[in-house]
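Peer 1: Below are the structure tokens for one structure; questions will follow.
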Amino acid sequence: MKAPKWYRKLEQWVEGDARDLKEPKAHDESITESTRKIENHNGPSLIRASRSELISAVSRISAVICCFVLLVVMMFTVAFMPTTSTESNVTMNETAKRYIEQGMDEVGATNLVANIILVYRGFDTYGESCVLFLGATAVIMLLANDRKNETEKDRAAQRLSDKLDAKIPNQVLVDVTKVLMPVLLLYGAYILCNGHLSPGGGFAGGSLIGGAMILCENAYGVNKVRTFFGHTVYHAVKVGALVFYAALIMYTIFVGSNGLENIFPKGTPGSLLSAGIILPINIAVGLEVACTMYAFYTYFVRGEL
Amino acid sequence: MVAIEYLLLIGLIVCAIAVNVTKHLLPTVIISVTFGTMLSVVWLLLKAPDLAITEAAVGVGIETILYLMTIRKVHHFEGIGDETE
């Protein structure tokens, strides 16, 4: 069973060089051969096939079968999913209609998406923020420099990498950063603060600010960023934003479920200071996301902030 | 406008297959960036600007940086970190 010529050509084009091409090919050949042996079910040839080949062939076939079974089960399940927006399914229609018709009056933001994800479904979004926090924590656990266990080779490689970065001043990057970074920061802040009026919000604005900080780190070196965003600031902002968010969302849930008066004013829809808790929540989420993005980057590059 | 949408959707499928087929790491990253860019335009055409902004910032910007940094960390690029041996 040889692959057609055009496929081999495509494979060669994709692989780029013949060095990687030889080994997997031979492997594939043996696999198909052993598979054929099992399919033919000839006794002696089956015994002759080596044990490891047999095991790998069986595992491959069982993987394919498992995939197909899963596919069939999922397709079958999809057929039984409740359909949305039909006359027979009133409960689903009611929620969506209420969000669209009364969302602006009840919450006060003209951006309905912000209404839904930050107030009606605020608890879910809080969970997402916690996932980001956990992700950053896991990255720190895995990639942070371990002073006790690192070898001299690791340190030398890190020093060399830093030296290479410092040695080659990338004038294009520096000039572009000079123009781009203020615009990025301003745009990120705009998206953050206008999350309840226009598309955007915490996640988008926060990742823009994080990207601007990564750009600054690339162009000017880590010591420049450390002057305003070091270890202490990172932990304070990150934990502070999450705690602030948790307090706000808990307060909203408590007040809403007990039918009490909310102290955050709704204001007039469309003005900047309106929509109650959405603006502070957006800012908290944005700070959280910006910190997480920058922390991901720095821990991937050098294992410390 | 519909033609652009179909073009982008076909491009998405092509990119998604190409990411799986390509064996070298740097082209894979670049193809996935292409995928993200087209996806963000598709979100915009489907009237989901929130998602479009987030996709453009995270899927195109941050994700690429993280992939490139990981490739550099495992010394796939030749000439970086190999001189110490």
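Letters for chains follow the order of the structure tokens (A, B, ...), residue numbers begin at 1 for each chain, and ligand numbers begin at 1 in the order shown.
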What residues in chain B have any atom no more than 7 Å from chain A when counting only C-alpha atoms, and can you write them as a ChimeraX atom specification?
Peer 2: /B:22-24,49-50,53-54,57-58,62,66,69-70,81,84
Peer 1: With C-alpha atoms kept, could you save the residues just selected as a compact mmCIF listing (two decimals), in the first residue's frame?
Peer 2:
```
# COMPACT_ATOMS: atom_id res chain seq x y z
CA THR B 22 3.06 20.91 8.62
CA LYS B 23 5.94 19.32 10.47
CA HIS B 24 8.22 22.32 11.07
CA PRO B 49 -17.10 42.60 17.68
CA ASP B 50 -16.34 41.66 21.30
CA ILE B 53 -11.18 42.25 19.51
CA THR B 54 -10.34 39.50 21.97
CA ALA B 57 -5.39 40.49 20.88
CA VAL B 58 -5.07 37.03 22.40
CA ILE B 62 -0.12 36.81 22.88
CA LEU B 66 4.12 32.33 23.79
CA MET B 69 9.13 31.76 23.23
CA THR B 70 8.48 28.05 23.84
CA GLY B 81 21.89 28.47 23.46
CA THR B 84 27.60 26.67 25.68
```
Peer 1: Using only C-alpha atoms, determine which residues lie at most 12 Å from Tyr67 (chain B), disregarding the query and same-chain residues fewer than 6 positions distant; provide the list as JSON, numbers by chain.
Peer 2: {"A": [296, 297, 300, 301], "B": [25, 26, 27, 28, 29, 30, 32, 33, 59, 60, 61, 73, 74, 76]}
Peer 1: Select from chain B everything DSSP, run on the backbone, classes as alpha helix (DSSP H), then give the selection as a ChimeraX atom specification.
Peer 2: /B:2-21,25-45,49-54,63-73
Peer 1: Please identify all polymer residues within 12 Å of Val2 (chain B), counting only C-alpha atoms, omitting same-chain residues fewer than 2 positions from it, and present them as a PyMOL selection string.
Peer 2: chain B and resi 4-9+42+45-46
Peer 1: By how many Å are CA of Asp105 (chain A) and CA of Val119 (chain A) apart?
Peer 2: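 Between these atoms lies a distance of 12.8 Å.
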Peer 1: Got a sec: who's within 12 Å of region 123-133 of chain A, counting only C-alpha atoms, leaving out chain neighbours fewer than 6 positions off, as a PDB file with N, CA and C atoms, in the first residue's frame?
Peer 2:
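File out_5.pdb, as written:
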```pdb
ATOM      1  N   ALA A 114     -21.983  42.963  27.732  1.00  0.00           N
ATOM      2  CA  ALA A 114     -21.410  43.252  29.051  1.00  0.00           C
ATOM      3  C   ALA A 114     -22.431  43.002  30.146  1.00  0.00           C
ATOM      4  N   ASN A 115     -23.688  43.390  29.882  1.00  0.00           N
ATOM      5  CA  ASN A 115     -24.748  43.112  30.860  1.00  0.00           C
ATOM      6  C   ASN A 115     -24.787  41.644  31.209  1.00  0.00           C
ATOM      7  N   ILE A 116     -24.785  40.803  30.160  1.00  0.00           N
ATOM      8  CA  ILE A 116     -24.993  39.379  30.398  1.00  0.00           C
ATOM      9  C   ILE A 116     -23.771  38.770  31.060  1.00  0.00           C
ATOM     10  N   ILE A 117     -22.562  39.022  30.503  1.00  0.00           N
ATOM     11  CA  ILE A 117     -21.415  38.276  31.047  1.00  0.00           C
ATOM     12  C   ILE A 117     -20.961  38.821  32.392  1.00  0.00           C
ATOM     13  N   VAL A 139       1.924  28.331  35.850  1.00  0.00           N
ATOM     14  CA  VAL A 139       3.110  28.680  35.062  1.00  0.00           C
ATOM     15  C   VAL A 139       4.266  29.037  35.983  1.00  0.00           C
ATOM     16  N   ILE A 140       3.965  29.773  37.062  1.00  0.00           N
ATOM     17  CA  ILE A 140       5.027  30.126  38.001  1.00  0.00           C
ATOM     18  C   ILE A 140       5.608  28.873  38.643  1.00  0.00           C
ATOM     19  N   GLY A 201     -14.216  45.254  26.622  1.00  0.00           N
ATOM     20  CA  GLY A 201     -14.378  44.880  28.008  1.00  0.00           C
ATOM     21  C   GLY A 201     -13.069  44.428  28.607  1.00  0.00           C
ATOM     22  N   GLY A 202     -13.179  43.777  29.751  1.00  0.00           N
ATOM     23  CA  GLY A 202     -12.005  43.465  30.537  1.00  0.00           C
ATOM     24  C   GLY A 202     -10.989  42.600  29.825  1.00  0.00           C
ATOM     25  N   PHE A 203     -11.444  41.511  29.209  1.00  0.00           N
ATOM     26  CA  PHE A 203     -10.481  40.570  28.646  1.00  0.00           C
ATOM     27  C   PHE A 203      -9.733  41.187  27.472  1.00  0.00           C
ATOM     28  N   GLY A 206      -7.497  44.160  28.725  1.00  0.00           N
ATOM     29  CA  GLY A 206      -6.392  43.668  29.526  1.00  0.00           C
ATOM     30  C   GLY A 206      -5.332  43.006  28.683  1.00  0.00           C
ATOM     31  N   SER A 207      -5.755  42.227  27.674  1.00  0.00           N
ATOM     32  CA  SER A 207      -4.722  41.581  26.853  1.00  0.00           C
ATOM     33  C   SER A 207      -3.997  42.607  25.993  1.00  0.00           C
ATOM     34  N   HIS A 235       2.239  41.078  42.312  1.00  0.00           N
ATOM     35  CA  HIS A 235       1.403  40.316  43.245  1.00  0.00           C
ATOM     36  C   HIS A 235       0.296  41.192  43.816  1.00  0.00           C
ATOM     37  N   VAL A 237      -1.210  43.875  42.511  1.00  0.00           N
ATOM     38  CA  VAL A 237      -2.261  44.172  41.538  1.00  0.00           C
ATOM     39  C   VAL A 237      -3.094  42.937  41.243  1.00  0.00           C
ATOM     40  N   LYS A 238      -2.412  41.809  41.060  1.00  0.00           N
ATOM     41  CA  LYS A 238      -3.121  40.599  40.654  1.00  0.00           C
ATOM     42  C   LYS A 238      -4.089  40.127  41.734  1.00  0.00           C
ATOM     43  N   VAL A 239      -3.559  39.980  42.949  1.00  0.00           N
ATOM     44  CA  VAL A 239      -4.398  39.493  44.043  1.00  0.00           C
ATOM     45  C   VAL A 239      -5.461  40.541  44.405  1.00  0.00           C
ATOM     46  N   GLY A 240      -5.041  41.819  44.390  1.00  0.00           N
ATOM     47  CA  GLY A 240      -5.987  42.877  44.727  1.00  0.00           C
ATOM     48  C   GLY A 240      -7.161  42.923  43.770  1.00  0.00           C
ATOM     49  N   ALA A 241      -6.864  42.798  42.466  1.00  0.00           N
ATOM     50  CA  ALA A 241      -7.936  42.847  41.476  1.00  0.00           C
ATOM     51  C   ALA A 241      -8.890  41.684  41.653  1.00  0.00           C
ATOM     52  N   LEU A 242      -8.337  40.493  41.906  1.00  0.00           N
ATOM     53  CA  LEU A 242      -9.213  39.323  42.049  1.00  0.00           C
ATOM     54  C   LEU A 242     -10.085  39.449  43.294  1.00  0.00           C
ATOM     55  N   VAL A 243      -9.487  39.913  44.394  1.00  0.00           N
ATOM     56  CA  VAL A 243     -10.257  40.050  45.638  1.00  0.00           C
ATOM     57  C   VAL A 243     -11.354  41.110  45.479  1.00  0.00           C
ATOM     58  N   PHE A 244     -10.989  42.212  44.807  1.00  0.00           N
ATOM     59  CA  PHE A 244     -11.961  43.279  44.559  1.00  0.00           C
ATOM     60  C   PHE A 244     -13.142  42.755  43.738  1.00  0.00           C
ATOM     61  N   TYR A 245     -12.811  41.993  42.700  1.00  0.00           N
ATOM     62  CA  TYR A 245     -13.847  41.406  41.854  1.00  0.00           C
ATOM     63  C   TYR A 245     -14.734  40.478  42.685  1.00  0.00           C
ATOM     64  N   ALA A 246     -14.091  39.623  43.511  1.00  0.00           N
ATOM     65  CA  ALA A 246     -14.862  38.681  44.308  1.00  0.00           C
ATOM     66  C   ALA A 246     -15.806  39.421  45.244  1.00  0.00           C
ATOM     67  N   ALA A 247     -15.303  40.497  45.884  1.00  0.00           N
ATOM     68  CA  ALA A 247     -16.139  41.245  46.816  1.00  0.00           C
ATOM     69  C   ALA A 247     -17.332  41.858  46.087  1.00  0.00           C
ATOM     70  N   LEU A 248     -17.075  42.457  44.915  1.00  0.00           N
ATOM     71  CA  LEU A 248     -18.158  43.089  44.162  1.00  0.00           C
ATOM     72  C   LEU A 248     -19.215  42.082  43.753  1.00  0.00           C
ATOM     73  N   ILE A 249     -18.762  40.940  43.231  1.00  0.00           N
ATOM     74  CA  ILE A 249     -19.731  39.989  42.691  1.00  0.00           C
ATOM     75  C   ILE A 249     -20.511  39.340  43.834  1.00  0.00           C
ATOM     76  N   MET A 250     -19.844  39.125  44.983  1.00  0.00           N
ATOM     77  CA  MET A 250     -20.553  38.568  46.138  1.00  0.00           C
ATOM     78  C   MET A 250     -21.609  39.546  46.634  1.00  0.00           C
ATOM     79  N   TYR A 251     -21.218  40.818  46.686  1.00  0.00           N
ATOM     80  CA  TYR A 251     -22.170  41.837  47.130  1.00  0.00           C
ATOM     81  C   TYR A 251     -23.383  41.870  46.209  1.00  0.00           C
ATOM     82  N   THR A 252     -23.122  41.814  44.880  1.00  0.00           N
ATOM     83  CA  THR A 252     -24.229  41.876  43.934  1.00  0.00           C
ATOM     84  C   THR A 252     -25.154  40.676  44.072  1.00  0.00           C
ATOM     85  N   ILE A 253     -24.549  39.494  44.230  1.00  0.00           N
ATOM     86  CA  ILE A 253     -25.378  38.295  44.358  1.00  0.00           C
ATOM     87  C   ILE A 253     -26.203  38.359  45.635  1.00  0.00           C
ATOM     88  N   PHE A 254     -25.554  38.792  46.735  1.00  0.00           N
ATOM     89  CA  PHE A 254     -26.256  38.858  48.024  1.00  0.00           C
ATOM     90  C   PHE A 254     -27.427  39.831  47.956  1.00  0.00           C
ATOM     91  N   ILE A 278     -20.470  47.354  36.563  1.00  0.00           N
ATOM     92  CA  ILE A 278     -19.777  46.853  35.373  1.00  0.00           C
ATOM     93  C   ILE A 278     -18.436  47.551  35.173  1.00  0.00           C
ATOM     94  N   ILE A 281     -15.797  46.314  37.666  1.00  0.00           N
ATOM     95  CA  ILE A 281     -15.459  44.915  37.379  1.00  0.00           C
ATOM     96  C   ILE A 281     -14.594  44.826  36.143  1.00  0.00           C
ATOM     97  N   ASN A 282     -14.940  45.625  35.114  1.00  0.00           N
ATOM     98  CA  ASN A 282     -14.141  45.601  33.896  1.00  0.00           C
ATOM     99  C   ASN A 282     -12.706  45.996  34.184  1.00  0.00           C
ATOM    100  N   ALA A 284     -11.103  45.735  37.019  1.00  0.00           N
ATOM    101  CA  ALA A 284     -10.444  44.674  37.789  1.00  0.00           C
ATOM    102  C   ALA A 284     -10.044  43.520  36.887  1.00  0.00           C
ATOM    103  N   VAL A 285     -10.972  43.101  36.010  1.00  0.00           N
ATOM    104  CA  VAL A 285     -10.664  41.987  35.099  1.00  0.00           C
ATOM    105  C   VAL A 285      -9.511  42.364  34.180  1.00  0.00           C
ATOM    106  N   GLY A 286      -9.516  43.624  33.698  1.00  0.00           N
ATOM    107  CA  GLY A 286      -8.457  44.056  32.795  1.00  0.00           C
ATOM    108  C   GLY A 286      -7.095  44.009  33.454  1.00  0.00           C
ATOM    109  N   LEU A 287      -7.001  44.492  34.697  1.00  0.00           N
ATOM    110  CA  LEU A 287      -5.717  44.444  35.411  1.00  0.00           C
ATOM    111  C   LEU A 287      -5.262  43.006  35.604  1.00  0.00           C
ATOM    112  N   GLU A 288      -6.213  42.155  35.971  1.00  0.00           N
ATOM    113  CA  GLU A 288      -5.906  40.738  36.169  1.00  0.00           C
ATOM    114  C   GLU A 288      -5.342  40.118  34.893  1.00  0.00           C
ATOM    115  N   VAL A 289      -6.037  40.382  33.767  1.00  0.00           N
ATOM    116  CA  VAL A 289      -5.614  39.766  32.509  1.00  0.00           C
ATOM    117  C   VAL A 289      -4.258  40.320  32.061  1.00  0.00           C
ATOM    118  N   ALA A 290      -4.057  41.634  32.235  1.00  0.00           N
ATOM    119  CA  ALA A 290      -2.779  42.222  31.823  1.00  0.00           C
ATOM    120  C   ALA A 290      -1.630  41.612  32.613  1.00  0.00           C
ATOM    121  N   CYS A 291      -1.820  41.492  33.943  1.00  0.00           N
ATOM    122  CA  CYS A 291      -0.785  40.878  34.775  1.00  0.00           C
ATOM    123  C   CYS A 291      -0.507  39.451  34.329  1.00  0.00           C
ATOM    124  N   THR A 292      -1.589  38.695  34.048  1.00  0.00           N
ATOM    125  CA  THR A 292      -1.403  37.298  33.677  1.00  0.00           C
ATOM    126  C   THR A 292      -0.615  37.171  32.380  1.00  0.00           C
ATOM    127  N   MET A 293      -0.979  38.006  31.382  1.00  0.00           N
ATOM    128  CA  MET A 293      -0.291  37.908  30.091  1.00  0.00           C
ATOM    129  C   MET A 293       1.189  38.218  30.243  1.00  0.00           C
ATOM    130  N   ALA A 295       2.981  38.042  32.930  1.00  0.00           N
ATOM    131  CA  ALA A 295       3.650  37.015  33.731  1.00  0.00           C
ATOM    132  C   ALA A 295       3.920  35.776  32.893  1.00  0.00           C
ATOM    133  N   PHE A 296       2.964  35.373  32.075  1.00  0.00           N
ATOM    134  CA  PHE A 296       3.197  34.247  31.167  1.00  0.00           C
ATOM    135  C   PHE A 296       4.467  34.481  30.367  1.00  0.00           C
TER     136      PHE A 296
END
```
Peer 1: Given the choices A:Ala138, A:Ala96, A:Leu54, A:Leu305, which gets closest to Lys224 (chain A) if the distance is worked out from only C-alpha atoms?
Peer 2: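 Of A:Ala138, A:Ala96, A:Leu54, A:Leu305, the one nearest Lys224 (chain A) is A:Leu305, counting only C-alpha atoms.
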Peer 1: Which residues are near Ser40 (chain B)? Cut-off 8 Å, only C-alpha atoms, ignore same chain within fewer than 4 positions. Put them as a list in words.
Peer 2: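 Skipping anything fewer than 4 positions along the chain leaves Gly36, Leu44, Leu51, Ala52, Ile53, Glu55 and Ala56 of chain B.
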Peer 1: Write out, as a compact mmCIF listing (two decimals), in the first residue's frame, the residues just selected, with N, CA and C atoms.
Peer 2:
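Wrote it out as selection-v7.txt, contents follow:
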```txt
# COMPACT_ATOMS: atom_id res chain seq x y z
N GLY B 36 -5.88 32.74 13.13
CA GLY B 36 -6.47 33.65 14.10
C GLY B 36 -6.94 34.96 13.47
N LEU B 44 -16.06 39.46 13.18
CA LEU B 44 -16.56 40.80 12.90
C LEU B 44 -17.72 40.75 11.91
N LEU B 51 -15.84 39.48 20.45
CA LEU B 51 -14.98 38.33 20.20
C LEU B 51 -13.87 38.68 19.23
N ALA B 52 -14.19 39.55 18.26
CA ALA B 52 -13.17 39.91 17.26
C ALA B 52 -11.99 40.59 17.93
N ILE B 53 -12.27 41.54 18.83
CA ILE B 53 -11.18 42.25 19.51
C ILE B 53 -10.36 41.28 20.34
N GLU B 55 -10.09 38.03 20.06
CA GLU B 55 -9.36 37.08 19.22
C GLU B 55 -8.11 37.73 18.63
N ALA B 56 -8.26 38.99 18.20
CA ALA B 56 -7.12 39.66 17.59
C ALA B 56 -6.02 39.88 18.63
```
Peer 1: Might you pull out every residue within 12 Å of Asn218 (chain A), with only C-alpha atoms counted and same-chain residues fewer than 6 positions away left off, and present them as JSON, numbers by chain?
Peer 2: {"A": [162, 165, 166, 168, 169, 170, 171, 172, 173, 174, 175, 176, 177, 178, 181, 211, 212, 224, 225, 294, 297, 298, 301], "B": [65, 69]}
Peer 1: Write out the residues from the selection above, keeping C-alpha atoms, as a compact mmCIF listing (two decimals), in the first residue's frame.
Peer 2:
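And here is the file that came out, part-v4.txt:
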```txt
# COMPACT_ATOMS: atom_id res chain seq x y z
CA ASP A 162 20.59 37.79 28.01
CA ASP A 165 19.51 40.17 23.66
CA ALA A 166 21.53 43.09 24.99
CA ILE A 168 21.88 43.25 19.28
CA PRO A 169 19.95 46.51 19.61
CA ASN A 170 16.99 46.18 17.31
CA GLN A 171 16.52 49.75 16.12
CA VAL A 172 13.37 48.93 14.13
CA LEU A 173 11.72 47.40 17.19
CA VAL A 174 12.68 50.34 19.40
CA ASP A 175 11.35 52.91 16.94
CA VAL A 176 8.13 51.02 16.35
CA THR A 177 7.63 50.62 20.09
CA LYS A 178 8.06 54.35 20.61
CA MET A 181 3.18 51.56 22.85
CA GLY A 211 0.73 43.05 24.91
CA ALA A 212 1.96 46.64 25.20
CA LYS A 224 13.07 49.17 32.29
CA VAL A 225 9.83 47.30 32.95
CA TYR A 294 2.88 39.68 31.12
CA TYR A 297 5.66 35.96 28.88
CA THR A 298 8.35 36.71 31.44
CA VAL A 301 11.46 33.75 28.75
CA ILE B 65 4.61 35.26 21.43
CA MET B 69 9.13 31.76 23.23
```
